[in-house]
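Asks: Got a file for you: coords_34.txt, compact mmCIF, C-alpha atoms (C1' of nucleotides).
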```txt
# COMPACT_ATOMS: atom_id res chain seq x y z
CA MET A 1 101.64 74.38 89.17
CA LYS A 2 104.26 76.96 90.08
CA LEU A 3 103.42 79.15 93.06
CA ALA A 4 105.72 81.99 94.07
CA THR A 5 105.97 84.83 96.58
CA TRP A 6 108.07 87.97 96.36
CA ASN A 7 108.29 91.13 98.43
CA VAL A 8 109.09 93.59 95.63
CA ASN A 9 109.48 96.78 97.74
CA SER A 10 107.25 98.86 95.41
CA ILE A 11 105.59 97.33 92.35
CA ARG A 12 106.12 100.53 90.37
CA ALA A 13 109.85 100.70 91.12
CA ARG A 14 110.20 96.97 90.38
CA LEU A 15 107.80 96.47 87.46
CA ALA A 16 110.53 95.65 84.93
CA HIS A 17 112.08 93.10 87.30
CA VAL A 18 108.70 91.47 87.89
CA LEU A 19 107.91 91.27 84.16
CA ASP A 20 111.34 89.81 83.43
CA TRP A 21 110.94 87.29 86.23
CA LEU A 22 107.51 86.23 84.99
CA ALA A 23 108.86 85.71 81.48
CA ALA A 24 111.81 83.69 82.76
CA ASN A 25 109.95 81.55 85.30
CA LYS A 26 106.35 81.42 84.07
CA PRO A 27 104.74 80.91 87.49
CA ASP A 28 101.03 80.12 87.59
CA VAL A 29 100.60 82.30 90.68
CA LEU A 30 102.84 85.06 92.02
CA CYS A 31 102.05 86.76 95.32
CA LEU A 32 103.57 90.21 95.76
CA GLN A 33 104.05 92.20 98.94
CA GLU A 34 104.88 95.84 99.65
CA THR A 35 103.33 97.05 96.41
CA LYS A 36 103.18 100.56 97.96
CA VAL A 37 100.49 101.87 95.64
CA VAL A 38 96.81 102.81 95.82
CA ASP A 39 94.48 100.60 93.78
CA ALA A 40 93.77 103.35 91.23
CA ASP A 41 97.46 103.51 90.32
CA PHE A 42 98.24 99.78 90.28
CA PRO A 43 100.02 98.91 86.99
CA ILE A 44 97.54 96.26 85.84
CA GLU A 45 97.98 96.70 82.09
CA PRO A 46 101.59 95.51 81.72
CA LEU A 47 100.78 92.45 83.84
CA ARG A 48 97.67 91.68 81.79
CA ALA A 49 99.70 92.07 78.62
CA ALA A 50 102.09 89.47 80.06
CA GLY A 51 99.14 87.08 80.33
CA TYR A 52 98.14 87.42 83.98
CA HIS A 53 95.01 88.21 85.94
CA VAL A 54 95.61 90.61 88.79
CA ALA A 55 94.02 91.00 92.22
CA TYR A 56 95.33 93.70 94.53
CA VAL A 57 94.67 95.75 97.61
CA GLY A 58 96.86 98.69 98.47
CA GLN A 59 97.23 102.03 100.18
CA LYS A 60 99.32 105.14 99.81
CA SER A 61 103.09 104.72 100.40
CA TYR A 62 103.08 101.62 102.58
CA ASN A 63 102.16 97.94 102.60
CA GLY A 64 99.89 96.59 99.86
CA VAL A 65 99.64 93.07 98.42
CA ALA A 66 98.77 91.68 95.00
CA THR A 67 98.25 88.20 93.62
CA ILE A 68 98.64 87.60 89.92
CA SER A 69 97.63 84.37 88.23
CA ARG A 70 97.56 82.75 84.79
CA THR A 71 93.95 81.64 85.26
CA ALA A 72 91.23 83.83 86.72
CA ALA A 73 90.79 83.80 90.48
CA SER A 74 87.52 83.50 92.39
CA ASP A 75 86.29 84.20 95.93
CA ILE A 76 88.65 87.18 96.27
CA VAL A 77 88.83 88.64 99.78
CA THR A 78 90.74 91.91 100.20
CA ALA A 79 89.83 92.53 103.86
CA PRO A 80 89.80 89.19 105.69
CA PRO A 81 88.03 89.21 109.07
CA GLY A 82 90.37 90.45 111.80
CA LEU A 83 92.85 91.68 109.16
CA ASP A 84 90.61 94.42 107.81
CA GLY A 85 92.27 97.53 109.28
CA GLU A 86 93.80 100.54 107.56
CA GLN A 87 96.94 98.60 106.71
CA LYS A 88 96.48 96.53 103.56
CA ARG A 89 98.41 93.36 104.30
CA ALA A 90 96.31 90.34 103.33
CA LEU A 91 94.58 89.05 100.21
CA ALA A 92 92.92 85.66 99.77
CA LEU A 93 91.65 84.06 96.60
CA THR A 94 91.06 80.71 94.95
CA VAL A 95 92.93 79.79 91.78
CA ASP A 96 93.16 76.39 90.09
CA ASN A 97 91.17 74.93 93.00
CA ILE A 98 93.79 76.09 95.53
CA ARG A 99 93.09 78.66 98.23
CA VAL A 100 95.98 81.14 98.25
CA ILE A 101 96.39 83.57 101.15
CA ASN A 102 98.95 86.28 100.46
CA VAL A 103 100.26 88.11 103.54
CA TYR A 104 102.62 90.90 104.45
CA VAL A 105 103.11 90.45 108.19
CA PRO A 106 104.03 93.66 110.08
CA ASN A 107 107.74 94.20 110.63
CA GLY A 108 107.45 94.96 114.35
CA GLU A 109 110.19 97.61 114.43
CA ARG A 110 111.81 96.43 117.67
CA VAL A 111 110.96 94.06 120.50
CA GLY A 112 108.62 95.72 122.99
CA SER A 113 107.55 98.59 120.72
CA GLU A 114 103.93 99.40 119.88
CA LYS A 115 104.54 98.04 116.38
CA TYR A 116 105.86 94.81 117.87
CA GLU A 117 102.67 94.37 119.91
CA PHE A 118 100.67 95.12 116.75
CA LYS A 119 102.64 92.42 114.91
CA LEU A 120 101.81 89.79 117.55
CA LYS A 121 98.12 90.76 117.55
CA TRP A 122 98.07 90.69 113.76
CA LEU A 123 99.61 87.18 113.78
CA ALA A 124 96.97 85.99 116.26
CA ALA A 125 94.22 87.32 113.99
CA LEU A 126 95.90 85.69 111.00
CA GLN A 127 95.94 82.37 112.86
CA ARG A 128 92.18 82.60 113.49
CA TYR A 129 91.51 83.45 109.86
CA LEU A 130 93.78 80.62 108.67
CA ALA A 131 91.95 78.12 110.88
CA ALA A 132 88.62 79.18 109.37
CA GLU A 133 90.00 78.97 105.85
CA LEU A 134 91.53 75.53 106.44
CA ALA A 135 88.12 74.31 107.58
CA ARG A 136 86.75 75.32 104.18
CA HIS A 137 89.67 74.46 101.89
CA ARG A 138 91.60 71.19 101.81
CA LEU A 139 94.14 72.60 99.35
CA LEU A 140 95.53 75.82 100.80
CA ALA A 141 98.76 77.81 100.71
CA ILE A 142 99.53 80.80 102.90
CA VAL A 143 102.53 82.63 101.49
CA GLY A 144 104.32 85.91 101.82
CA ASP A 145 106.67 88.01 103.89
CA PHE A 146 106.18 86.74 107.44
CA ASN A 147 108.95 88.91 108.87
CA ILE A 148 110.00 85.98 111.07
CA ALA A 149 113.08 83.79 110.63
CA PRO A 150 111.94 80.46 112.14
CA GLU A 151 115.20 78.80 113.20
CA ASP A 152 118.89 79.44 113.81
CA ARG A 153 119.74 78.14 110.34
CA ASP A 154 117.47 80.84 108.86
CA VAL A 155 119.68 83.66 110.20
CA TYR A 156 123.25 84.49 109.13
CA ASP A 157 124.31 85.16 112.73
CA PRO A 158 121.85 83.78 115.30
CA THR A 159 123.93 85.16 118.19
CA VAL A 160 123.56 88.70 116.90
CA TRP A 161 119.85 88.23 116.11
CA ARG A 162 118.80 86.39 119.29
CA ASP A 163 115.85 88.18 120.93
CA GLN A 164 115.87 90.84 118.22
CA VAL A 165 112.79 91.62 116.15
CA LEU A 166 112.26 89.01 113.38
CA PHE A 167 113.94 86.40 115.59
CA SER A 168 112.47 86.79 119.08
CA GLU A 169 110.82 84.03 121.08
CA PRO A 170 107.30 85.55 121.09
CA GLU A 171 107.46 85.79 117.29
CA HIS A 172 108.69 82.19 117.05
CA GLN A 173 105.86 81.12 119.33
CA ALA A 174 103.31 83.00 117.21
CA LEU A 175 104.59 81.34 114.02
CA ARG A 176 104.63 77.90 115.64
CA GLU A 177 101.04 78.36 116.80
CA LEU A 178 99.96 79.57 113.38
CA MET A 179 101.60 76.58 111.71
CA GLY A 180 100.05 74.34 114.33
CA VAL A 181 96.67 75.14 112.84
CA GLY A 182 97.75 72.91 109.94
CA VAL A 183 100.33 74.28 107.51
CA ILE A 184 103.85 73.10 106.65
CA ASP A 185 106.94 75.10 105.59
CA VAL A 186 107.54 73.33 102.28
CA PHE A 187 111.02 74.86 101.88
CA ARG A 188 112.19 72.49 104.62
CA ARG A 189 110.60 69.49 102.97
CA PHE A 190 113.59 69.41 100.62
CA ASP A 191 117.38 69.47 100.84
CA GLN A 192 118.56 73.06 100.69
CA PRO A 193 121.91 74.78 100.45
CA PRO A 194 123.22 75.94 103.83
CA GLU A 195 122.63 79.61 104.61
CA SER A 196 119.59 79.96 102.33
CA PHE A 197 118.04 83.39 102.85
CA THR A 198 115.29 85.50 101.25
CA TRP A 199 116.22 88.98 102.51
CA TRP A 200 119.50 90.89 102.72
CA ASP A 201 119.99 94.42 104.03
CA TYR A 202 120.74 97.01 101.36
CA ARG A 203 123.46 98.36 103.62
CA GLN A 204 126.87 97.03 104.52
CA GLY A 205 127.10 94.76 101.48
CA GLY A 206 124.48 92.49 102.99
CA PHE A 207 123.89 90.44 99.86
CA ARG A 208 127.52 90.24 98.80
CA ARG A 209 128.41 88.85 102.23
CA ASN A 210 125.23 86.72 102.38
CA HIS A 211 124.23 88.46 105.58
CA GLY A 212 120.57 87.53 105.22
CA LEU A 213 117.48 86.09 106.83
CA ARG A 214 114.88 83.60 105.61
CA ILE A 215 111.65 85.47 106.38
CA ASP A 216 109.56 84.82 103.25
CA HIS A 217 107.68 81.53 103.35
CA ILE A 218 105.39 79.18 101.48
CA LEU A 219 103.26 77.28 104.00
CA CYS A 220 100.94 74.58 102.65
CA SER A 221 98.11 72.49 104.07
CA ALA A 222 99.01 68.81 104.48
CA ASP A 223 97.22 67.74 101.31
CA LEU A 224 98.85 70.48 99.26
CA ALA A 225 102.29 69.92 100.80
CA GLN A 226 102.03 66.28 99.75
CA ARG A 227 101.78 67.41 96.13
CA CYS A 228 104.78 69.73 96.41
CA VAL A 229 107.86 68.46 94.55
CA ALA A 230 110.26 71.39 94.95
CA CYS A 231 110.77 74.67 96.75
CA THR A 232 113.61 77.06 95.96
CA ILE A 233 114.80 80.62 96.53
CA ASP A 234 115.76 82.49 93.35
CA GLN A 235 118.59 84.89 94.13
CA THR A 236 118.85 86.02 90.49
CA PRO A 237 116.78 89.22 90.75
CA ARG A 238 118.61 90.28 93.94
CA LYS A 239 121.74 90.65 91.78
CA LEU A 240 120.18 93.17 89.38
CA GLU A 241 120.58 96.95 89.48
CA ARG A 242 118.19 98.56 91.98
CA PRO A 243 116.82 95.25 93.25
CA SER A 244 114.20 94.53 95.86
CA ASP A 245 115.90 93.61 99.13
CA HIS A 246 113.92 90.32 99.04
CA ALA A 247 114.31 87.35 96.68
CA PRO A 248 111.37 85.30 95.32
CA VAL A 249 110.51 81.89 96.77
CA LEU A 250 109.08 79.41 94.29
CA ALA A 251 107.24 76.12 94.91
CA GLU A 252 106.39 73.44 92.36
CA ILE A 253 103.14 71.83 93.31
C1' DA B 1 136.35 105.82 109.97
C1' DT B 2 131.34 102.78 114.77
C1' DG B 3 128.26 104.16 109.31
C1' DG B 4 127.58 102.66 105.22
C1' DC B 5 120.51 101.63 101.74
C1' DC B 6 116.04 102.23 99.41
C1' DT B 7 111.07 103.90 98.58
C1' DG B 8 107.38 107.22 98.44
C1' DC B 9 105.83 111.63 99.64
C1' DA B 10 105.83 116.06 99.01
C1' DA B 11 110.01 117.22 99.83
C1' DC B 12 114.47 120.38 99.90
C1' DG B 13 114.10 115.67 105.18
C1' DC B 14 111.06 112.37 106.85
C1' DA B 15 108.74 107.73 108.05
C1' DG B 16 109.26 103.03 107.51
C1' DG B 17 111.42 99.04 106.40
C1' DA B 18 114.27 94.63 108.48
```
Now that the file is in, can you turn its structure into structure tokens?

Replies:
Amino acid sequence: MKLATWNVNSIRARLAHVLDWLAANKPDVLCLQETKVVDADFPIEPLRAAGYHVAYVGQKSYNGVATISRTAASDIVTAPPGLDGEQKRALALTVDNIRVINVYVPNGERVGSEKYEFKLKWLAALQRYLAAELARHRLLAIVGDFNIAPEDRDVYDPTVWRDQVLFSEPEHQALRELMGVGVIDVFRRFDQPPESFTWWDYRQGGFRRNHGLRIDHILCSADLAQRCVACTIDQTPRKLERPSDHAPVLAEI
DNA sequence: ATGGCCTGCAACGCAGGA
């Protein structure tokens, strides 16, 4: 099966790109982040017409996640324990016998800010939820925009980014601890081109100069990771007019 | 040239992103 994640920076602004990408890539599951729309206004019909079931949880203006799938999902959780605040950032469901947790981890604004502390607390709650889910599901993927670049090779200029938000030691520690619960970054299970990133700033010709970060991830339980045969970043939609600033990550499982 | 972008909201600039 093909499992993908993509921060679309507004599902309504990016609907045509998403539909085109679905037609071109035919994923079985696509997890979207930053849908930026209340549930009543989510554009379900065009996605259904494209042959997908849709689960979503959103809010006005900010955040919001959605998981679309070729086959119907079950056991859908839109407010996981500990992640059930005002900000809609997590959505879990089971599809094709695989537990899929879709997350939009807080950005954190800047090291030491209130939002940064919120990010670390949110990651700790996510770790607890992930541990509980792993106890129930042998085949599990947790995917999405983690807003953390794990290693030096995931940042275009580690010297510039050192100790900055998205690349600070407390964030690295939080991600390591979360992964220590029992999930693997499948992107690094395979040979990859150097300087592979998933996000590029809209400003300063970030994409053209490949000034990016790898902050969107597909993390799989050991048994699911074993089934994974490929994991790639698709830069194609980042080259379109009015793109999302993130590119999709796609795993073949 | 020391800043350059994008989205949604209700504006006629702002908050937030990363």

Asks: Find the residues of chain B in contact range of chain A, meaning any atom within 6 Å when counting all atoms listed in the file, and list them as a list of chain:residue names.

Replies: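 The selection requested is B:DG4, B:DC5, B:DG8.
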
Asks: So which residues fall inside 12 Å of (104.7, 95.6, 112.5) if we count all atoms listed in the file? Mind giving them as a ChimeraX atom specification?

Replies: /A:62-63,87,89,104-123,145-148,165-166,171 /B:16-18

Asks: Taking into account only C-alpha atoms, which residue in the set A:Leu22, A:Met179, A:Leu15, A:Val95 is nearest to Thr71 (chain A)?

Replies: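 Among A:Leu22, A:Met179, A:Leu15, A:Val95, it is A:Val95 that comes nearest to Thr71 (chain A).
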
Asks: What gap, in Å, lies between CA of Val38 (chain A) and CA of Ala23 (chain A)?

Replies: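 Value for the CA of Val38 (chain A)-CA of Ala23 (chain A) distance: 25.4 Å.
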
Asks: List as an mmCIF file with C-alpha atoms, in the coordinates of the input the protein and nucleic acid residues near Ile233 (chain A), meaning an atom at most 8 Å away when only C-alpha atoms (C1' of nucleotides) are counted, but skip any in the same chain fewer than 4 places from it.

Replies:
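Final output, saved to result_21.cif:
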```
data_model
loop_
_atom_site.group_PDB
_atom_site.id
_atom_site.type_symbol
_atom_site.label_atom_id
_atom_site.label_comp_id
_atom_site.auth_asym_id
_atom_site.auth_seq_id
_atom_site.Cartn_x
_atom_site.Cartn_y
_atom_site.Cartn_z
ATOM 1 C CA SER A 196 119.590 79.960 102.330
ATOM 2 C CA PHE A 197 118.040 83.390 102.850
ATOM 3 C CA THR A 198 115.290 85.500 101.250
ATOM 4 C CA ALA A 247 114.310 87.350 96.680
ATOM 5 C CA PRO A 248 111.370 85.300 95.320
ATOM 6 C CA VAL A 249 110.510 81.890 96.770
ATOM 7 C CA LEU A 250 109.080 79.410 94.290
#
```

Asks: How many Å separate CA of Asp157 (chain A) from CA of Glu195 (chain A)?

Replies: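 About the pair CA of Asp157 (chain A) and CA of Glu195 (chain A): they are 10.0 Å apart.
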
Asks: Write out as AutoDock Vina command-line options an axis-aligned box for region 2-10 of chain B: all of its atoms listed in the file, 6 Å added on each side, centre and edge lengths in Å with one decimal.

Replies:
```
--center_x 118.6 --center_y 108.8 --center_z 106.6 --size_x 37.5 --size_y 26.4 --size_z 28.3
```

Asks: May I have the protein, DNA and RNA residues with any atom at most 10 Å from the point (87.2, 87.9, 105.8), counting only C-alpha atoms (C1' of nucleotides), written as a list in words?

Replies: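 Taken together, the residues in range are Ile76, Val77, Thr78, Ala79, Pro80, Pro81, Gly82, Leu83, Asp84, Ala90, Leu91, Ala92, Tyr129, Ala132 and Glu133 of chain A.
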
Asks: List the spatial neighbours of Ile68 (chain A) as a list of chain:residue names - criterion: any atom at most 7 Å away, all atoms listed in the file, same-chain residues fewer than 5 positions off excluded.

Replies: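 Those residues are A:Val29, A:Leu30, A:Cys31, A:Tyr52, A:His53, A:Val54, A:Ala55.
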
Asks: Measure the distance from CA of Gln192 (chain A) to CA of Leu175 (chain A) in Å and round it to one decimal.

Replies: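 It comes out at 21.0 Å.
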
Asks: Can we get region 106-217 of chain A of that structure written down with C-alpha atoms, as an mmCIF file, in the first residue's frame?

Replies:
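File produced: result.cif:
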```
data_model
loop_
_atom_site.group_PDB
_atom_site.id
_atom_site.type_symbol
_atom_site.label_atom_id
_atom_site.label_comp_id
_atom_site.auth_asym_id
_atom_site.auth_seq_id
_atom_site.Cartn_x
_atom_site.Cartn_y
_atom_site.Cartn_z
ATOM 1 C CA PRO A 106 3.177 22.704 17.003
ATOM 2 C CA ASN A 107 5.773 24.924 15.369
ATOM 3 C CA GLY A 108 7.149 26.332 18.624
ATOM 4 C CA GLU A 109 7.790 29.849 17.298
ATOM 5 C CA ARG A 110 11.199 30.292 18.942
ATOM 6 C CA VAL A 111 13.266 28.534 21.582
ATOM 7 C CA GLY A 112 12.134 29.538 25.062
ATOM 8 C CA SER A 113 8.793 31.025 24.011
ATOM 9 C CA GLU A 114 5.434 29.943 25.452
ATOM 10 C CA LYS A 115 4.685 28.209 22.150
ATOM 11 C CA TYR A 116 7.977 26.332 22.396
ATOM 12 C CA GLU A 117 7.047 25.036 25.864
ATOM 13 C CA PHE A 118 3.634 24.066 24.478
ATOM 14 C CA LYS A 119 5.360 22.158 21.667
ATOM 15 C CA LEU A 120 7.468 20.126 24.125
ATOM 16 C CA LYS A 121 4.428 19.361 26.305
ATOM 17 C CA TRP A 122 2.437 18.381 23.227
ATOM 18 C CA LEU A 123 5.236 16.019 22.127
ATOM 19 C CA ALA A 124 5.302 14.420 25.587
ATOM 20 C CA ALA A 125 1.540 13.832 25.394
ATOM 21 C CA LEU A 126 1.940 12.446 21.881
ATOM 22 C CA GLN A 127 4.581 10.024 23.156
ATOM 23 C CA ARG A 128 2.190 8.724 25.836
ATOM 24 C CA TYR A 129 -0.599 8.315 23.311
ATOM 25 C CA LEU A 130 1.739 6.576 20.854
ATOM 26 C CA ALA A 131 2.858 4.121 23.545
ATOM 27 C CA ALA A 132 -0.763 3.234 24.282
ATOM 28 C CA GLU A 133 -1.560 2.822 20.606
ATOM 29 C CA LEU A 134 1.506 0.649 19.977
ATOM 30 C CA ALA A 135 0.342 -1.638 22.783
ATOM 31 C CA ARG A 136 -2.891 -2.158 20.858
ATOM 32 C CA HIS A 137 -1.651 -2.172 17.252
ATOM 33 C CA ARG A 138 1.248 -4.182 15.866
ATOM 34 C CA LEU A 139 1.031 -2.429 12.492
ATOM 35 C CA LEU A 140 1.174 1.312 13.099
ATOM 36 C CA ALA A 141 2.379 4.435 11.309
ATOM 37 C CA ILE A 142 2.606 7.886 12.856
ATOM 38 C CA VAL A 143 3.040 10.446 10.114
ATOM 39 C CA GLY A 144 2.836 14.159 9.573
ATOM 40 C CA ASP A 145 4.525 17.495 10.058
ATOM 41 C CA PHE A 146 6.678 17.009 13.156
ATOM 42 C CA ASN A 147 8.282 20.445 12.883
ATOM 43 C CA ILE A 148 11.616 18.876 13.885
ATOM 44 C CA ALA A 149 14.598 18.217 11.622
ATOM 45 C CA PRO A 150 16.236 15.189 13.288
ATOM 46 C CA GLU A 151 19.876 15.419 12.177
ATOM 47 C CA ASP A 152 22.445 17.731 10.601
ATOM 48 C CA ARG A 153 21.843 16.158 7.193
ATOM 49 C CA ASP A 154 18.164 17.157 7.466
ATOM 50 C CA VAL A 155 19.011 20.888 7.477
ATOM 51 C CA TYR A 156 20.523 22.916 4.617
ATOM 52 C CA ASP A 157 22.819 24.807 6.993
ATOM 53 C CA PRO A 158 23.148 23.141 10.415
ATOM 54 C CA THR A 159 25.430 25.927 11.670
ATOM 55 C CA VAL A 160 22.750 28.534 11.066
ATOM 56 C CA TRP A 161 19.993 26.322 12.513
ATOM 57 C CA ARG A 162 21.845 25.016 15.597
ATOM 58 C CA ASP A 163 19.779 25.668 18.742
ATOM 59 C CA GLN A 164 17.054 27.348 16.689
ATOM 60 C CA VAL A 165 13.451 26.194 16.817
ATOM 61 C CA LEU A 166 12.904 23.041 14.678
ATOM 62 C CA PHE A 167 16.519 22.032 15.349
ATOM 63 C CA SER A 168 17.140 22.547 19.073
ATOM 64 C CA GLU A 169 18.412 19.897 21.464
ATOM 65 C CA PRO A 170 15.224 19.686 23.586
ATOM 66 C CA GLU A 171 13.215 19.060 20.409
ATOM 67 C CA HIS A 172 15.717 16.419 19.270
ATOM 68 C CA GLN A 173 15.476 14.797 22.685
ATOM 69 C CA ALA A 174 11.664 14.810 22.533
ATOM 70 C CA LEU A 175 11.695 13.183 19.088
ATOM 71 C CA ARG A 176 14.269 10.587 20.156
ATOM 72 C CA GLU A 177 12.157 9.699 23.190
ATOM 73 C CA LEU A 178 9.018 9.465 21.094
ATOM 74 C CA MET A 179 10.748 7.195 18.587
ATOM 75 C CA GLY A 180 12.155 5.193 21.473
ATOM 76 C CA VAL A 181 8.631 4.056 22.236
ATOM 77 C CA GLY A 182 8.950 1.917 19.109
ATOM 78 C CA VAL A 183 8.791 3.655 15.729
ATOM 79 C CA ILE A 184 11.363 3.970 12.936
ATOM 80 C CA ASP A 185 11.960 6.805 10.440
ATOM 81 C CA VAL A 186 11.508 4.750 7.271
ATOM 82 C CA PHE A 187 12.959 7.503 5.058
ATOM 83 C CA ARG A 188 16.376 6.609 6.465
ATOM 84 C CA ARG A 189 15.881 2.920 5.825
ATOM 85 C CA PHE A 190 16.761 3.599 2.187
ATOM 86 C CA ASP A 191 19.478 5.363 0.204
ATOM 87 C CA GLN A 192 18.450 8.956 -0.354
ATOM 88 C CA PRO A 193 19.800 11.861 -2.360
ATOM 89 C CA PRO A 194 21.917 14.239 -0.265
ATOM 90 C CA GLU A 195 20.111 17.348 0.949
ATOM 91 C CA SER A 196 16.633 15.791 0.852
ATOM 92 C CA PHE A 197 14.139 18.206 2.395
ATOM 93 C CA THR A 198 10.358 18.462 2.800
ATOM 94 C CA TRP A 199 9.947 22.187 3.526
ATOM 95 C CA TRP A 200 11.396 25.325 1.952
ATOM 96 C CA ASP A 201 10.695 28.914 2.976
ATOM 97 C CA TYR A 202 8.530 30.864 0.534
ATOM 98 C CA ARG A 203 10.939 33.754 0.918
ATOM 99 C CA GLN A 204 14.440 34.298 -0.393
ATOM 100 C CA GLY A 205 14.111 31.716 -3.159
ATOM 101 C CA GLY A 206 14.210 28.953 -0.569
ATOM 102 C CA PHE A 207 13.157 26.181 -2.930
ATOM 103 C CA ARG A 208 15.223 27.340 -5.892
ATOM 104 C CA ARG A 209 18.323 27.330 -3.684
ATOM 105 C CA ASN A 210 17.243 24.133 -1.886
ATOM 106 C CA HIS A 211 17.383 25.956 1.415
ATOM 107 C CA GLY A 212 15.114 23.465 3.159
ATOM 108 C CA LEU A 213 14.520 21.246 6.143
ATOM 109 C CA ARG A 214 13.294 17.658 6.473
ATOM 110 C CA ILE A 215 10.545 18.053 9.069
ATOM 111 C CA ASP A 216 7.764 15.830 7.669
ATOM 112 C CA HIS A 217 8.136 12.190 8.608
#
```
